[in-house]
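What follows is run.cif (mmCIF, C-alpha atoms and all ligand atoms).
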data_input
loop_
_atom_site.label_atom_id
_atom_site.label_comp_id
_atom_site.auth_asym_id
_atom_site.auth_seq_id
_atom_site.Cartn_x
_atom_site.Cartn_y
_atom_site.Cartn_z
CA MET A 1 0.00 0.00 0.00
CA GLY A 2 1.26 3.49 -0.80
CA ILE A 3 1.51 5.77 2.22
CA PHE A 4 -1.45 7.81 1.12
CA GLY A 5 -3.61 5.01 -0.26
CA SER A 6 -5.70 5.52 -3.36
CA SER A 7 -7.66 8.64 -4.11
CA THR A 8 -10.64 6.44 -4.94
CA GLN A 9 -10.72 4.85 -1.48
CA HIS A 10 -9.46 7.44 0.92
CA ILE A 11 -11.24 10.65 1.91
CA PRO A 12 -8.81 13.22 3.29
CA GLU A 13 -10.13 14.78 6.49
CA SER A 14 -11.96 17.93 5.56
CA VAL A 15 -9.27 20.54 5.88
CA GLU A 16 -9.53 24.27 6.09
CA VAL A 17 -6.53 24.72 3.87
CA PRO A 18 -5.58 22.42 1.00
CA ARG A 19 -2.67 20.22 2.00
CA HIS A 20 -1.27 20.19 -1.53
CA ILE A 21 -1.70 22.93 -4.15
CA ALA A 22 -0.45 22.39 -7.72
CA ILE A 23 -0.25 25.36 -10.09
CA ILE A 24 0.20 25.86 -13.83
CA MET A 25 1.76 29.30 -13.87
CA ASP A 26 0.56 30.61 -17.22
CA GLY A 27 0.28 34.05 -18.80
CA ASN A 28 3.77 35.52 -18.42
CA GLY A 29 4.12 36.22 -22.14
CA ARG A 30 0.74 37.95 -22.42
CA TRP A 31 1.46 40.01 -19.31
CA ALA A 32 4.65 41.32 -20.95
CA LYS A 33 3.00 41.84 -24.34
CA LYS A 34 0.29 44.02 -22.81
CA ARG A 35 3.10 46.27 -21.56
CA TYR A 36 5.06 46.23 -24.86
CA MET A 37 7.83 44.37 -23.06
CA PRO A 38 9.77 41.28 -24.19
CA ARG A 39 8.31 37.93 -23.04
CA ILE A 40 11.27 37.36 -20.74
CA ALA A 41 10.20 40.40 -18.68
CA GLY A 42 7.00 38.50 -17.93
CA HIS A 43 8.99 35.43 -16.88
CA LYS A 44 11.13 37.57 -14.56
CA ARG A 45 8.08 39.08 -12.96
CA GLY A 46 6.71 35.51 -12.76
CA VAL A 47 9.67 34.48 -10.58
CA GLU A 48 8.82 37.31 -8.17
CA MET A 49 5.29 35.96 -7.92
CA VAL A 50 6.68 32.50 -7.20
CA ARG A 51 8.43 34.03 -4.20
CA GLU A 52 5.20 35.70 -3.04
CA VAL A 53 3.09 32.57 -3.46
CA ILE A 54 5.64 30.41 -1.61
CA LYS A 55 5.57 32.90 1.27
CA ALA A 56 1.78 32.90 1.29
CA CYS A 57 1.66 29.09 1.32
CA VAL A 58 4.10 28.93 4.24
CA ALA A 59 1.99 31.49 6.15
CA ARG A 60 -1.21 29.52 5.46
CA ASN A 61 0.34 26.21 6.49
CA VAL A 62 0.01 24.56 3.08
CA LYS A 63 2.26 21.49 3.25
CA TYR A 64 3.00 20.89 -0.46
CA LEU A 65 3.21 23.39 -3.30
CA THR A 66 3.94 22.12 -6.81
CA LEU A 67 4.69 24.57 -9.62
CA PHE A 68 4.83 23.82 -13.35
CA ALA A 69 7.83 25.82 -14.53
CA PHE A 70 8.69 24.21 -17.88
CA SER A 71 6.81 21.51 -19.74
CA SER A 72 8.28 18.80 -21.95
CA GLU A 73 6.52 20.64 -24.80
CA ASN A 74 8.07 24.04 -24.01
CA TRP A 75 11.23 23.06 -25.95
CA ARG A 76 9.12 23.87 -29.01
CA ARG A 77 9.44 27.58 -28.21
CA PRO A 78 12.00 29.81 -29.96
CA GLU A 79 15.52 28.86 -28.90
CA GLU A 80 16.16 32.31 -27.49
CA GLU A 81 13.21 32.08 -25.09
CA VAL A 82 14.18 28.54 -24.03
CA ASN A 83 17.73 29.69 -23.29
CA LEU A 84 16.55 32.69 -21.31
CA LEU A 85 14.18 30.47 -19.30
CA MET A 86 17.07 28.12 -18.48
CA ASP A 87 19.21 31.09 -17.38
CA LEU A 88 16.38 32.33 -15.21
CA PHE A 89 15.92 28.90 -13.63
CA ARG A 90 19.64 28.69 -12.83
CA PHE A 91 19.69 32.26 -11.48
CA ALA A 92 16.68 31.58 -9.27
CA LEU A 93 18.24 28.41 -7.86
CA GLU A 94 21.53 30.20 -7.18
CA HIS A 95 19.88 33.12 -5.42
CA GLU A 96 16.79 31.73 -3.74
CA VAL A 97 17.69 28.32 -2.36
CA SER A 98 19.54 29.57 0.73
CA LYS A 99 16.49 31.68 1.61
CA LEU A 100 14.23 28.67 1.12
CA HIS A 101 16.55 26.65 3.33
CA LYS A 102 16.40 29.27 6.11
CA ASN A 103 12.62 29.03 5.96
CA GLN A 104 12.64 25.24 6.35
CA VAL A 105 11.41 24.69 2.77
CA LYS A 106 12.26 21.33 1.23
CA LEU A 107 12.92 21.69 -2.50
CA LYS A 108 12.24 18.93 -5.02
CA VAL A 109 12.55 19.07 -8.80
CA ILE A 110 10.60 16.60 -10.94
CA GLY A 111 10.92 16.03 -14.68
CA ASP A 112 13.33 14.54 -17.20
CA LEU A 113 16.59 16.23 -16.20
CA SER A 114 18.58 14.45 -18.91
CA ARG A 115 17.98 17.29 -21.37
CA PHE A 116 19.40 19.97 -19.06
CA GLU A 117 23.01 21.18 -19.00
CA PRO A 118 25.10 19.13 -16.55
CA LYS A 119 25.84 22.28 -14.52
CA LEU A 120 22.14 22.96 -14.04
CA VAL A 121 21.53 19.34 -13.07
CA GLN A 122 24.33 19.57 -10.48
CA LEU A 123 22.80 22.72 -9.07
CA ILE A 124 19.38 21.03 -8.85
CA HIS A 125 20.82 18.05 -6.99
CA ALA A 126 22.84 20.26 -4.63
CA SER A 127 19.74 22.34 -3.85
CA GLU A 128 17.65 19.24 -3.16
CA HIS A 129 20.39 17.80 -1.01
CA MET A 130 20.81 20.99 1.01
CA THR A 131 17.11 21.23 1.85
CA ALA A 132 16.35 17.50 2.16
CA GLY A 133 16.17 17.55 5.97
CA ASN A 134 13.76 20.50 6.21
CA ASN A 135 10.29 19.92 7.54
CA GLY A 136 8.37 23.01 6.44
CA LEU A 137 6.70 23.41 3.05
CA THR A 138 7.69 20.88 0.38
CA LEU A 139 8.14 22.91 -2.80
CA THR A 140 8.23 20.90 -6.02
CA ILE A 141 9.30 22.49 -9.28
CA ALA A 142 8.23 20.58 -12.39
CA ALA A 143 10.87 21.20 -15.05
CA ASN A 144 10.91 19.41 -18.39
CA TYR A 145 8.00 17.56 -16.88
CA GLY A 146 5.18 15.81 -18.69
CA GLY A 147 2.46 13.67 -17.13
CA ARG A 148 2.77 11.01 -19.83
CA TRP A 149 6.54 10.91 -19.45
CA ASP A 150 6.04 10.42 -15.71
CA MET A 151 3.75 7.42 -16.14
CA LEU A 152 6.06 5.82 -18.70
CA GLN A 153 9.20 6.29 -16.60
CA ALA A 154 7.31 4.85 -13.61
CA VAL A 155 6.29 1.72 -15.56
CA THR A 156 9.85 1.29 -16.85
CA LYS A 157 11.34 1.64 -13.35
CA MET A 158 8.75 -0.66 -11.80
CA LEU A 159 9.48 -3.41 -14.31
CA THR A 160 13.24 -2.97 -13.91
CA HIS A 161 12.89 -3.43 -10.15
CA HIS A 162 10.22 -6.12 -10.39
CA PRO A 163 10.47 -7.99 -13.72
CA GLU A 164 8.14 -10.62 -12.26
CA LEU A 165 5.27 -8.10 -12.48
CA ALA A 166 5.23 -8.18 -16.30
CA GLY A 167 1.97 -9.70 -17.45
CA GLN A 168 0.43 -9.65 -13.96
CA ALA A 169 -2.70 -7.77 -12.92
CA LEU A 170 -1.40 -4.53 -11.45
CA THR A 171 -2.91 -2.27 -8.82
CA GLU A 172 -2.35 1.47 -8.38
CA GLN A 173 -0.15 0.63 -5.41
CA HIS A 174 2.31 -1.24 -7.63
CA LEU A 175 2.98 1.85 -9.73
CA GLU A 176 2.70 4.69 -7.23
CA PRO A 177 6.13 4.32 -5.58
CA TYR A 178 7.76 4.95 -8.98
CA LEU A 179 5.86 8.10 -9.92
CA SER A 180 7.84 11.34 -9.59
CA MET A 181 5.64 12.67 -6.79
CA HIS A 182 5.55 9.47 -4.72
CA TYR A 183 6.56 11.50 -1.63
CA ALA A 184 3.46 13.69 -1.65
CA PRO A 185 -0.28 13.24 -1.29
CA GLU A 186 -2.25 14.02 -4.46
CA PRO A 187 -3.03 17.70 -5.03
CA ASP A 188 -6.20 18.83 -3.28
CA LEU A 189 -6.36 22.00 -5.33
CA PHE A 190 -5.17 22.57 -8.90
CA ILE A 191 -4.88 26.16 -10.11
CA ARG A 192 -4.23 27.38 -13.64
CA THR A 193 -3.71 31.07 -14.23
CA GLY A 194 -3.83 32.82 -17.60
CA GLY A 195 -7.34 31.83 -18.66
CA GLU A 196 -6.71 28.57 -20.53
CA GLN A 197 -8.77 25.66 -19.27
CA ARG A 198 -6.53 22.69 -19.94
CA ILE A 199 -4.05 20.45 -18.14
CA SER A 200 -1.22 20.73 -20.74
CA ASN A 201 0.29 17.36 -19.74
CA PHE A 202 0.84 18.33 -16.09
CA LEU A 203 0.27 15.78 -13.29
CA LEU A 204 -2.11 13.44 -15.16
CA TRP A 205 -2.19 10.59 -12.65
CA GLN A 206 -2.25 12.71 -9.52
CA LEU A 207 -4.98 15.15 -10.60
CA ALA A 208 -7.61 12.40 -10.77
CA TYR A 209 -9.66 13.85 -7.88
CA SER A 210 -8.19 17.33 -7.44
CA GLU A 211 -10.49 20.33 -7.33
CA LEU A 212 -9.81 22.38 -10.47
CA TYR A 213 -9.65 26.18 -10.37
CA PHE A 214 -9.10 28.27 -13.49
CA THR A 215 -8.59 32.01 -13.36
CA PRO A 216 -8.06 34.58 -16.12
CA THR A 217 -5.55 36.37 -13.87
CA LEU A 218 -2.14 36.25 -15.54
CA TRP A 219 0.60 34.61 -13.45
CA PRO A 220 2.57 37.87 -12.93
CA ASP A 221 -0.59 39.33 -11.33
CA PHE A 222 -1.33 36.28 -9.16
CA ASP A 223 -0.64 37.56 -5.64
CA ALA A 224 -1.49 36.33 -2.14
CA ALA A 225 -5.02 37.76 -2.42
CA ALA A 226 -5.58 35.85 -5.66
CA LEU A 227 -4.34 32.68 -3.96
CA ASP A 228 -6.81 33.26 -1.13
CA MET A 229 -9.64 33.48 -3.65
CA ALA A 230 -8.65 30.07 -5.02
CA ILE A 231 -8.46 28.61 -1.51
CA THR A 232 -11.87 30.07 -0.66
CA SER A 233 -13.34 28.47 -3.79
CA PHE A 234 -11.78 25.15 -2.71
CA GLN A 235 -13.26 25.45 0.79
CA GLN A 236 -16.76 25.85 -0.63
CA ARG A 237 -16.67 22.59 -2.54
CA GLU A 238 -17.79 19.16 -1.45
CA ARG A 239 -15.33 16.42 -2.30
CA ARG A 240 -17.33 13.25 -2.75
CA PHE A 241 -14.85 10.82 -4.35
CA GLY A 242 -17.70 8.94 -6.03
CA ARG A 243 -19.99 8.85 -2.99
CA THR A 244 -23.29 10.66 -2.51
CA SER A 245 -23.59 13.87 -0.54
CA GLU A 246 -25.75 12.04 2.04
CA GLN A 247 -23.05 9.47 2.67
CA LEU A 248 -20.61 12.21 3.57
CA HIS A 249 -22.96 13.87 6.03
CA HIS A 250 -24.19 10.71 7.79
CA VAL A 251 -20.92 9.03 8.63
CA THR A 252 -21.37 6.85 11.70
C1 LIG B 301 3.99 30.48 -18.61
O1 LIG B 301 3.76 31.64 -19.31
C2 LIG B 301 5.46 30.22 -18.38
C3 LIG B 301 6.02 29.10 -19.15
C4 LIG B 301 5.34 28.28 -19.91
C5 LIG B 301 7.44 28.91 -19.04
P1 LIG B 301 3.73 31.65 -20.89
O2 LIG B 301 5.11 31.95 -21.38
O3 LIG B 301 3.12 30.43 -21.42
O4 LIG B 301 2.80 32.91 -21.16
P2 LIG B 301 1.69 33.06 -22.28
O5 LIG B 301 0.77 31.89 -22.16
O6 LIG B 301 2.40 33.10 -23.59
O7 LIG B 301 1.02 34.35 -21.95
C1 LIG B 302 1.96 25.14 -19.50
O1 LIG B 302 1.90 26.40 -20.09
C2 LIG B 302 3.33 24.86 -18.98
C3 LIG B 302 3.85 25.77 -17.95
C4 LIG B 302 3.19 26.72 -17.34
C5 LIG B 302 5.20 25.55 -17.60
P1 LIG B 302 1.93 26.58 -21.67
O2 LIG B 302 1.68 28.01 -21.93
O3 LIG B 302 3.17 26.00 -22.23
O4 LIG B 302 0.69 25.68 -22.11
P2 LIG B 302 -0.07 25.61 -23.51
O5 LIG B 302 0.95 25.35 -24.56
O6 LIG B 302 -0.75 26.92 -23.72
O7 LIG B 302 -1.04 24.49 -23.32
MG MG B 303 1.22 29.92 -21.92
#
Translate this file's structure into C-alpha cells.
Ligand code: IPE
Ligand code: IPE
Ligand code: MG
Amino acid sequence: MGIFGSSTQHIPESVEVPRHIAIIMDGNGRWAKKRYMPRIAGHKRGVEMVREVIKACVARNVKYLTLFAFSSENWRRPEEEVNLLMDLFRFALEHEVSKLHKNQVKLKVIGDLSRFEPKLVQLIHASEHMTAGNNGLTLTIAANYGGRWDMLQAVTKMLTHHPELAGQALTEQHLEPYLSMHYAPEPDLFIRTGGEQRISNFLLWQLAYSELYFTPTLWPDFDAAALDMAITSFQQRERRFGRTSEQLHHVT
C-alpha cells in the first residue's frame, strides 16, 4: 500500500486549507506583451510571484506546493526564449535556495533532467540535497515535466525493479512508488492562471480527484489575495470521491 492510499478509497479529512496545491503558472508572455515588453520580462516578474506565493503558502500552512515551470513541450518555443528560461531557472536556484533553506522549505525538482546542461543538473541536486532535511513546506518544481513521461518512466522503473510483475494484474499501489511525486499526497487544489482551461500534460495521474480552479488572472498578477480566492473556492466545494452527498454527512 502506498503511504497515502488511493484517491478512490481514501477521503482526506476535511481541511480548512488544502494540504497540496499544484499550479500551472501561465500568462507571463501575455502580461509582458500588454506592456510592450519582451516575453522574458513577464517570466522575470513571474519568478517574483513564485516568491510571493511560496511565502503565502508557508503562512497559510500549506504542506505541499507544486509549480509547473517548464513543460516537456516548451522546448518547441524559440531557442532564445528557451535559453533565457534556463538562465532564469539557474539564477533563481543560485539566489533563492539559501532563503528557502532558512525558511525550512524542502525543495524537489521533478521532470526529465537528462535534457538539461550538466551544470544545471548539479545545481538542482545540490539544492535538493541541502534542503532534504527540512520539515516546512515541500516545494516541487516541475521542469521538463510531462504527465505522460512520468507514467512511462514509472512503468519502466517498476518493471526494472520487479520484472516478475510483467503480465500480472497490477494495482495502483504497484505503480505509485515509482511516480515522480511518490513523496506527496495528491493535489487537493489545482490552479491554472492565464485563462486557458486545460491540463497541458501536467500531473495526469495525480490530478484524478483534485479540485480544479481556473482564473483569467495572468501569473505575474497572481498575488497572495488571488491565492486566497482560489483557496476560498476550494473550501466551498464538497469532495465526494464517487460517494453521494448524504453518505458524507451521515458518517457513523
Ligand atoms: C507560462 O507563461 C510560463 C512558461 C510556460 C514557461 P507563458 O510563457 O506560457 O505565457 P503566455 O501563455 O504566452 O502568456
Ligand atoms: C503550461 O503552459 C506549462 C507551464 C506553465 C510551464 P503553456 O503556456 O506551455 O501551455 P499551452 O501550450 O498553452 O497548453
Ligand atoms: Mg502559456
Residues contacting ligand LIG 302 (chain B) - anything with an atom at most 8 Å away, using all atoms listed in the file - can you give me those as a PyMOL selection string? chain A and resi 24-27+68-71+73-74+142-143+196+198-202
Can you work out which one of A:Gln236, A:Ser98, A:Ser72, A:Thr138 has the shortest atom-to-atom distance to ligand LIG 301 (chain B), counting only C-alpha atoms and all ligand atoms? A:Ser72
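Across the model, the gap from atom CA of Pro216 of chain A to atom CA of Trp31 of chain A is 11.4 Å.
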Pick from A:Pro118, A:Gly133, A:Gly195, A:Pro185, whichever lies nearest to ligand MG 303 (chain B) using only C-alpha atoms and all ligand atoms: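 Counting only C-alpha atoms and all ligand atoms, the residue closest to ligand MG 303 (chain B) is A:Gly195.
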Leaving out Tyr183 of chain A and any residue of its chain fewer than 6 positions from it, which residues lie within 12 Å of it when counting only C-alpha atoms, given as a PDB file with C-alpha atoms, in the coordinates of the input?
ATOM      1  CA  GLY A   2       1.260   3.490  -0.800  1.00  0.00           C
ATOM      2  CA  ILE A   3       1.510   5.770   2.220  1.00  0.00           C
ATOM      3  CA  PHE A   4      -1.450   7.810   1.120  1.00  0.00           C
ATOM      4  CA  HIS A  20      -1.270  20.190  -1.530  1.00  0.00           C
ATOM      5  CA  LYS A  63       2.260  21.490   3.250  1.00  0.00           C
ATOM      6  CA  TYR A  64       3.000  20.890  -0.460  1.00  0.00           C
ATOM      7  CA  LYS A 106      12.260  21.330   1.230  1.00  0.00           C
ATOM      8  CA  LYS A 108      12.240  18.930  -5.020  1.00  0.00           C
ATOM      9  CA  ILE A 110      10.600  16.600 -10.940  1.00  0.00           C
ATOM     10  CA  THR A 138       7.690  20.880   0.380  1.00  0.00           C
ATOM     11  CA  LEU A 139       8.140  22.910  -2.800  1.00  0.00           C
ATOM     12  CA  THR A 140       8.230  20.900  -6.020  1.00  0.00           C
ATOM     13  CA  GLU A 176       2.700   4.690  -7.230  1.00  0.00           C
ATOM     14  CA  PRO A 177       6.130   4.320  -5.580  1.00  0.00           C
ATOM     15  CA  GLN A 206      -2.250  12.710  -9.520  1.00  0.00           C
TER      16      GLN A 206
END
Nearest residue to ligand MG 303 (chain B) from the set A:Thr215, A:Thr193, A:Gln235, A:Ser127 (distances using only C-alpha atoms and all ligand atoms): A:Thr193
A:Gly136, A:Gly46, A:Pro163, A:Pro78: which is nearest ligand LIG 301 (chain B), counting only C-alpha atoms and all ligand atoms?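 Looking only at the distances to ligand LIG 301 (chain B), the closest residue turns out to be A:Gly46.
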Give as a PDB file with C-alpha atoms, keeping the file's coordinate frame every residue, naming chains and numbers as the document does, that has an atom within 10 Å of (10.7, 33.5, -4.5), counting only C-alpha atoms.
ATOM      1  CA  GLY A  46       6.710  35.510 -12.760  1.00  0.00           C
ATOM      2  CA  VAL A  47       9.670  34.480 -10.580  1.00  0.00           C
ATOM      3  CA  GLU A  48       8.820  37.310  -8.170  1.00  0.00           C
ATOM      4  CA  MET A  49       5.290  35.960  -7.920  1.00  0.00           C
ATOM      5  CA  VAL A  50       6.680  32.500  -7.200  1.00  0.00           C
ATOM      6  CA  ARG A  51       8.430  34.030  -4.200  1.00  0.00           C
ATOM      7  CA  GLU A  52       5.200  35.700  -3.040  1.00  0.00           C
ATOM      8  CA  VAL A  53       3.090  32.570  -3.460  1.00  0.00           C
ATOM      9  CA  ILE A  54       5.640  30.410  -1.610  1.00  0.00           C
ATOM     10  CA  LYS A  55       5.570  32.900   1.270  1.00  0.00           C
ATOM     11  CA  ALA A  92      16.680  31.580  -9.270  1.00  0.00           C
ATOM     12  CA  LEU A  93      18.240  28.410  -7.860  1.00  0.00           C
ATOM     13  CA  HIS A  95      19.880  33.120  -5.420  1.00  0.00           C
ATOM     14  CA  GLU A  96      16.790  31.730  -3.740  1.00  0.00           C
ATOM     15  CA  VAL A  97      17.690  28.320  -2.360  1.00  0.00           C
ATOM     16  CA  LYS A  99      16.490  31.680   1.610  1.00  0.00           C
ATOM     17  CA  LEU A 100      14.230  28.670   1.120  1.00  0.00           C
TER      18      LEU A 100
END
Find, counting all atoms listed in the file, the residue in A:Arg30, A:Arg35, A:Leu179, A:Trp149 that gets nearest to ligand MG 303 (chain B). A:Arg30
Using all atoms listed in the file, find the one residue out of A:Val82, A:Ala22, A:Leu159, A:Ala154 that sits nearest to ligand LIG 301 (chain B). A:Val82
Separating atom CA of Gly111 of chain A from atom CA of Ile141 of chain A, to the nearest tenth of an Å, is a gap of 8.6 Å
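Rounded to one decimal, atom O3 of ligand LIG 301 (chain B) and atom CA of Glu186 of chain A lie 24.2 Å from each other.
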Tell me, as a ChimeraX atom specification, which residues lie within 12 Å of His249 of chain A, counting only C-alpha atoms; anything in the same chain fewer than 5 positions away does not count. /A:14,238-240,243-244
Centre, edges in Å (one decimal): axis-aligned box, ligand LIG 301 (chain B), 4 Å padding on all six sides, as lines of an AutoDock Vina configuration file:
center_x = 4.1
center_y = 31.3
center_z = -21.0
size_x = 14.7
size_y = 14.1
size_z = 13.2
Give as a ChimeraX atom specification the set of residues within 12 Å of the point (7.5, 5.1, -8.1), where distances use the file's coordinates and all atoms listed in the file. /A:2-3,150-162,172-184
Which neighbours of Pro187 of chain A fall inside 10 Å, counting only C-alpha atoms, when residues of the same chain fewer than 5 positions from it are skipped, and could you give them as a list in words?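 Counting only C-alpha atoms, the residues come to Pro18, Arg19, His20, Ile21, Ala22, Ile23, Tyr64, Leu65, Thr66, Leu203, Gln206, Leu207, Ala208, Tyr209, Ser210, Glu211 and Leu212 of chain A.
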Could you write segment 17-27 of chain A as a compact mmCIF listing (two decimals), in the coordinates of the input, with all heavy atoms rebuilt where they are missing?
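Writing the result to rebuild_13.txt gives the following:
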# COMPACT_ATOMS: atom_id res chain seq x y z
N VAL A 17 -7.46 24.29 4.90
CA VAL A 17 -6.53 24.72 3.87
C VAL A 17 -6.11 23.49 3.08
O VAL A 17 -5.89 22.44 3.68
CB VAL A 17 -5.28 25.35 4.53
CG1 VAL A 17 -4.28 25.81 3.51
CG2 VAL A 17 -5.68 26.50 5.44
N PRO A 18 -6.04 23.61 1.74
CA PRO A 18 -5.58 22.42 1.00
C PRO A 18 -4.18 22.02 1.45
O PRO A 18 -3.32 22.86 1.67
CB PRO A 18 -5.59 22.88 -0.45
CG PRO A 18 -5.81 24.36 -0.45
CD PRO A 18 -6.36 24.73 0.88
N ARG A 19 -3.98 20.72 1.57
CA ARG A 19 -2.67 20.22 2.00
C ARG A 19 -1.66 20.36 0.86
O ARG A 19 -0.50 20.65 1.06
CB ARG A 19 -2.85 18.75 2.39
CG ARG A 19 -1.67 18.10 3.03
CD ARG A 19 -2.06 16.76 3.63
NE ARG A 19 -2.91 15.97 2.74
CZ ARG A 19 -3.07 14.65 2.84
NH1 ARG A 19 -2.46 13.98 3.79
NH2 ARG A 19 -3.85 14.00 2.00
N HIS A 20 -2.15 20.15 -0.36
CA HIS A 20 -1.27 20.19 -1.53
C HIS A 20 -1.91 21.04 -2.63
O HIS A 20 -3.03 20.76 -3.06
CB HIS A 20 -1.03 18.75 -2.02
CG HIS A 20 -0.08 18.65 -3.20
ND1 HIS A 20 0.33 17.44 -3.70
CD2 HIS A 20 0.55 19.60 -3.95
CE1 HIS A 20 1.16 17.64 -4.72
NE2 HIS A 20 1.30 18.95 -4.90
N ILE A 21 -1.22 22.09 -3.05
CA ILE A 21 -1.70 22.93 -4.15
C ILE A 21 -0.73 22.76 -5.33
O ILE A 21 0.49 22.86 -5.16
CB ILE A 21 -1.74 24.43 -3.74
CG1 ILE A 21 -2.67 24.63 -2.53
CG2 ILE A 21 -2.18 25.30 -4.91
CD1 ILE A 21 -2.77 26.08 -2.05
N ALA A 22 -1.27 22.50 -6.51
CA ALA A 22 -0.45 22.39 -7.72
C ALA A 22 -0.88 23.49 -8.70
O ALA A 22 -2.08 23.69 -8.90
CB ALA A 22 -0.65 21.01 -8.35
N ILE A 23 0.09 24.19 -9.26
CA ILE A 23 -0.25 25.36 -10.09
C ILE A 23 0.42 25.32 -11.46
O ILE A 23 1.63 25.08 -11.57
CB ILE A 23 0.18 26.68 -9.40
CG1 ILE A 23 -0.34 26.76 -7.95
CG2 ILE A 23 -0.30 27.89 -10.20
CD1 ILE A 23 0.00 28.06 -7.22
N ILE A 24 -0.36 25.56 -12.51
CA ILE A 24 0.20 25.86 -13.83
C ILE A 24 0.29 27.38 -13.91
O ILE A 24 -0.72 28.08 -13.96
CB ILE A 24 -0.66 25.30 -14.98
CG1 ILE A 24 -0.71 23.76 -14.91
CG2 ILE A 24 -0.09 25.75 -16.34
CD1 ILE A 24 -1.42 23.11 -16.10
N MET A 25 1.51 27.85 -13.89
CA MET A 25 1.76 29.30 -13.87
C MET A 25 1.78 29.79 -15.32
O MET A 25 2.80 29.74 -15.98
CB MET A 25 3.12 29.57 -13.21
CG MET A 25 3.30 28.88 -11.86
SD MET A 25 4.92 29.23 -11.13
CE MET A 25 6.03 28.31 -12.17
N ASP A 26 0.64 30.25 -15.80
CA ASP A 26 0.56 30.61 -17.22
C ASP A 26 0.20 32.08 -17.38
O ASP A 26 -0.48 32.66 -16.53
CB ASP A 26 -0.49 29.72 -17.90
CG ASP A 26 -0.35 29.73 -19.42
OD1 ASP A 26 0.72 30.16 -19.92
OD2 ASP A 26 -1.30 29.32 -20.11
N GLY A 27 0.67 32.68 -18.47
CA GLY A 27 0.28 34.05 -18.80
C GLY A 27 1.42 35.06 -18.72
O GLY A 27 1.18 36.26 -18.89
